[in-house]
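Structure record follows, encoded as structure tokens.
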Amino acid sequence: MRFATLAQLSAQCREGAKTIGRYMIEEQVRESDKSEQEVFGQMADYYQVMKEAVRRGTTEDTKSRSGLTGGDAKRVMQYRADGAPSLGGEASAALAYALAVSEVNASMGRIIATPTAGSCGIIPGVFVSAQERFGWSDERMVEGLFAAGAIGYVIANQSFISGAEGGCQAEVGSAVGMAAGALTELRGGTPEQAVHAVGLALKNSLGLICDPVGGLVEIPCIVRNGFGAVTALAAADMALAGVRSVIPSDEVIGVMKDIGAAMPEAHRETAKGGLAQTPTGKAILSDLRKKGGRS
Amino acid sequence: MRFKDVFSIMGPSMIGPSSSHTAGAARLGLAARQTLGGQPDEADVIFSGSFAETYLGHGTDLAVTAGLLGCAPDDERIRDAIALAEASGMQLRFGTELRPGGHPNTVRFQLRRQDREASLIGCSIGGGNVEIVGIDGFDVRFGADCPTLLIDHRDMAGTVAAMSVIVGRAGLNIRAMEVDRQSRSGRALTVMEMDQAVPPEVRRELEALQQVDRIRLVDLNGEERV
């Protein structure tokens, strides 16, 4: 790849008069020595998996293997159908779809790790709800996934994308930044605006610890995916309105790395701190141990 | 760069709930199956570190079993893998052990099939990626994400040169290579990571070398899927 920072990415796009998504497709073709058709086709397959996960999570039983979670996406769908969600119809769809995919993941269904399984709901939540609302083609969504991938590529290499290394900010935070930047571009924003959306979004999750109850990708991971999708919409709206990230987005990524490196091990996916060590968190863990981890 | 391309960020396609505890675990099971050269009749699967703590909740036991059955990380059969394995006659035993200083997500396989045995120690290093660190008592380090030849041979002068000549003549490029031996002039294992698929005639030619005992192929991105 011929970029390492978001500033370089946006400069390259401006120079070539290309969207981030289009530029990333070309970079991937160059890097992998595969045809554009093949590269695009793999991402297109991934998008179908995401859509299917949204469908399953909003319509089928998603009880997890531990029995701790499942069915929240359906609850939100029902609530949307019954009344007037405070988020409004569109943002509450993003919320429900993100929960749905995350619940499919927890119940051992098929998902795409974006960038990880723990944060797999955010991008599908944002993308599938936006596609329904704006009537975009699948091809356009797939190009948007390449834009999300370009942003994630910078974050992953300059900082981290796993909770074990950098806490939840690295997983859910990264996914929100990727979704926010990609949505900004899908809605007609410039690469500069997309990059501002990434910085705006990431600033909101700095310091978020990874504290899964029982060590499982369920509590609080699933609801954080729901919140993450809604936050991505807000960041994209701000960027499209002209709000700028005063601290440049690359510097925000840098500080995410510093914060993650300073984070105690107890708050990096070990279940030895945070919500996992609350009285209820501990009770759930001891109960899981007794049952052998299964419901 | 730790992450090389767009698909190291977007993807893999996988069965949940964890890219390291489920998808990576399935790939380790598949690598162990390939190391044995087929489906085991008996498998001891021993988890350590975070794997030992959380394998039941994450379905790590189901995932490694699915790998032993030849399933990819996005195969829906992962959920039923233990039942499927038992129905096919595979004897499975799960356990845990301490591995001080080891990677937090490590699993050790001890596999048997007819008169063959194989052991593999592997780690799930994140995002579904794996690292194999032990084969049949030899220390190794490879990702199994490209065609990888495991060559059992005797420790003898000129062996590495002879093997390199065969693959070089076939136009194959060695991406990385390592040799470990049990003792001087004793048993040795060479791991050759290749840029290209290895045609059967090249395998046969390597196997025909007098000091070579057998050749195994491990490739988690390759064809062997059930």
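Chain identifiers are assigned as A, B, and so on, following the order in which chains appear in the structure tokens; residues are numbered from 1 within each chain, and ligands are numbered from 1 in order of appearance.
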Just need the residues of chain A within 7 Å of chain B, counting only C-alpha atoms, so spit them out as a PDB file with C-alpha atoms, in the first residue's frame.
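The resulting result-v6.pdb:
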ATOM      1  CA  GLN A  28      -5.473  -3.927  -3.328  1.00  0.00           C
ATOM      2  CA  TYR A  46     -18.563 -10.344   2.301  1.00  0.00           C
ATOM      3  CA  ARG A  65     -24.107 -20.595  23.634  1.00  0.00           C
ATOM      4  CA  SER A  66     -23.717 -19.256  27.189  1.00  0.00           C
ATOM      5  CA  ASN A 105     -21.819 -13.631  16.119  1.00  0.00           C
ATOM      6  CA  ALA A 106     -22.421 -14.500  19.781  1.00  0.00           C
ATOM      7  CA  SER A 107     -24.739 -17.347  18.766  1.00  0.00           C
ATOM      8  CA  MET A 108     -22.080 -18.878  16.501  1.00  0.00           C
ATOM      9  CA  GLY A 109     -23.548 -17.633  13.249  1.00  0.00           C
ATOM     10  CA  ARG A 110     -21.614 -16.446  10.209  1.00  0.00           C
ATOM     11  CA  ILE A 111     -20.261 -12.887  10.204  1.00  0.00           C
ATOM     12  CA  ILE A 112     -17.428 -10.856   8.704  1.00  0.00           C
ATOM     13  CA  ALA A 113     -14.814  -9.675  11.200  1.00  0.00           C
ATOM     14  CA  THR A 114     -14.735  -5.870  10.603  1.00  0.00           C
ATOM     15  CA  PRO A 115     -12.130  -5.409  11.862  1.00  0.00           C
ATOM     16  CA  THR A 116     -12.754  -8.092  14.516  1.00  0.00           C
ATOM     17  CA  ALA A 117     -15.587 -10.413  15.470  1.00  0.00           C
ATOM     18  CA  GLY A 118     -16.180  -8.380  18.633  1.00  0.00           C
ATOM     19  CA  GLY A 149     -10.903  -1.050   4.897  1.00  0.00           C
ATOM     20  CA  ALA A 150      -8.487   1.734   3.891  1.00  0.00           C
ATOM     21  CA  GLY A 152      -8.942   0.453   9.170  1.00  0.00           C
ATOM     22  CA  TYR A 153      -5.650  -0.368   7.476  1.00  0.00           C
ATOM     23  CA  ALA A 156      -4.381  -1.110  12.484  1.00  0.00           C
ATOM     24  CA  ASN A 157      -0.831  -0.316  11.410  1.00  0.00           C
ATOM     25  CA  GLY A 215     -14.359 -13.428  28.850  1.00  0.00           C
ATOM     26  CA  LEU A 216     -17.115 -13.860  26.272  1.00  0.00           C
ATOM     27  CA  VAL A 217     -17.851 -11.613  23.281  1.00  0.00           C
ATOM     28  CA  GLY A 292     -19.095 -25.715  31.848  1.00  0.00           C
ATOM     29  CA  GLY A 293     -19.706 -22.563  29.826  1.00  0.00           C
ATOM     30  CA  ARG A 294     -22.895 -23.764  28.247  1.00  0.00           C
TER      31      ARG A 294
END
Quiz item: Would you give me, as an MDAnalysis selection string, the residues in region 89-192 of chain B that DSSP reads as strand (DSSP E)?
Solution: chainID B and resid 91:96 105:113 116:126 129:135 138:142 148:154 174:181 187:192
Exercise. Write out as number ranges by chain each polymer residue whose atoms come within 9 Å of Gln211 (chain B), counting only C-alpha atoms; drop sequence neighbours fewer than 3 positions from it.
Key: B: 152-156, 159, 207-208
Restrict the selected residues to N, CA and C atoms and save them as a PDB file, in the first residue's frame.
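part-v1.pdb was written with the following content:
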ATOM      1  N   ASP B 152      10.284 -34.470   6.426  1.00  0.00           N
ATOM      2  CA  ASP B 152      10.987 -35.267   7.432  1.00  0.00           C
ATOM      3  C   ASP B 152      12.192 -35.908   6.761  1.00  0.00           C
ATOM      4  N   HIS B 153      13.358 -35.712   7.328  1.00  0.00           N
ATOM      5  CA  HIS B 153      14.546 -36.299   6.714  1.00  0.00           C
ATOM      6  C   HIS B 153      15.605 -36.577   7.767  1.00  0.00           C
ATOM      7  N   ARG B 154      16.710 -37.161   7.338  1.00  0.00           N
ATOM      8  CA  ARG B 154      17.839 -37.364   8.240  1.00  0.00           C
ATOM      9  C   ARG B 154      18.776 -36.183   8.138  1.00  0.00           C
ATOM     10  N   ASP B 155      19.434 -35.828   9.224  1.00  0.00           N
ATOM     11  CA  ASP B 155      20.386 -34.724   9.257  1.00  0.00           C
ATOM     12  C   ASP B 155      21.649 -35.155   8.534  1.00  0.00           C
ATOM     13  N   MET B 156      21.840 -34.664   7.297  1.00  0.00           N
ATOM     14  CA  MET B 156      22.984 -35.090   6.468  1.00  0.00           C
ATOM     15  C   MET B 156      23.459 -33.909   5.645  1.00  0.00           C
ATOM     16  N   THR B 159      21.667 -31.975   2.235  1.00  0.00           N
ATOM     17  CA  THR B 159      20.227 -32.244   2.108  1.00  0.00           C
ATOM     18  C   THR B 159      19.456 -30.986   1.716  1.00  0.00           C
ATOM     19  N   GLU B 207      10.534 -36.635  -2.312  1.00  0.00           N
ATOM     20  CA  GLU B 207      10.382 -37.857  -1.523  1.00  0.00           C
ATOM     21  C   GLU B 207      11.379 -38.931  -1.967  1.00  0.00           C
ATOM     22  N   ALA B 208      11.790 -38.815  -3.241  1.00  0.00           N
ATOM     23  CA  ALA B 208      12.716 -39.822  -3.783  1.00  0.00           C
ATOM     24  C   ALA B 208      14.150 -39.608  -3.299  1.00  0.00           C
TER      25      ALA B 208
END
Exercise. Go through A:Arg56, A:Lys51, A:Lys203, A:Arg268 and flag the residue nearest Ala73 (chain A), using only C-alpha atoms for the distances.
Key: A:Arg56
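The protein and nucleic acid residues lying at most 10 Å from region 90-95 of chain B are B:Gln39, B:Pro40, B:Asp41, B:Glu42, B:Ala43, B:Asp44, B:Val45, B:Ile46, B:Phe47, B:Ser48, B:Ala52, B:Asp61, B:Thr65, B:Leu68, B:Leu69, B:Ile82, B:Ala83, B:Leu84, B:Val107, B:Arg108, B:Phe109, B:Gln110, B:Leu111, B:Arg112, B:Arg113, with only C-alpha atoms considered and sequence neighbours fewer than 6 positions away removed.
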Write out the residues from the selection above, keeping C-alpha atoms, as a compact mmCIF listing (two decimals), in the first residue's frame.
# COMPACT_ATOMS: atom_id res chain seq x y z
CA GLN B 39 -8.89 -37.28 9.58
CA PRO B 40 -7.73 -38.55 12.97
CA ASP B 41 -9.31 -41.60 14.61
CA GLU B 42 -8.24 -40.26 17.99
CA ALA B 43 -7.50 -36.70 19.01
CA ASP B 44 -6.24 -35.25 22.26
CA VAL B 45 -6.74 -31.47 22.29
CA ILE B 46 -5.05 -29.62 25.13
CA PHE B 47 -5.71 -25.92 25.66
CA SER B 48 -3.58 -23.47 27.61
CA ALA B 52 -8.02 -22.97 28.65
CA ASP B 61 -13.62 -26.90 21.35
CA THR B 65 -12.96 -30.15 16.08
CA LEU B 68 -10.01 -31.64 12.43
CA LEU B 69 -13.01 -32.59 10.26
CA ILE B 82 -18.29 -32.42 18.18
CA ALA B 83 -21.45 -34.41 17.46
CA LEU B 84 -20.40 -34.82 13.82
CA VAL B 107 -3.48 -25.44 21.74
CA ARG B 108 -1.60 -28.73 21.50
CA PHE B 109 -2.89 -31.61 19.38
CA GLN B 110 -1.93 -35.25 19.71
CA LEU B 111 -3.49 -37.13 16.80
CA ARG B 112 -3.61 -40.77 15.76
CA ARG B 113 -4.84 -42.42 12.57
Exercise. Determine which residues of region 11-200 of chain A DSSP labels as alpha helix (DSSP H) from the backbone of this structure, then write them out as a PyMOL selection string.
Key: chain A and resi 11-16+20-32+36-59+72-82+88-106+122-134+138-158+163-166+168+174-186+191-200
Exercise. Using CA of Val64 (chain B) and CA of Ala25 (chain B) as the two end points, give the distance in Å to one decimal.
Key: 5.2 Å
Exercise. Please provide the set of residues having any atom within 12 Å of region 84-88 of chain A, restricted to only C-alpha atoms, with same-chain residues fewer than 6 positions apart removed, written as number ranges by chain.
Key: A: 76-78, 94-96, 227, 229-231, 233-234
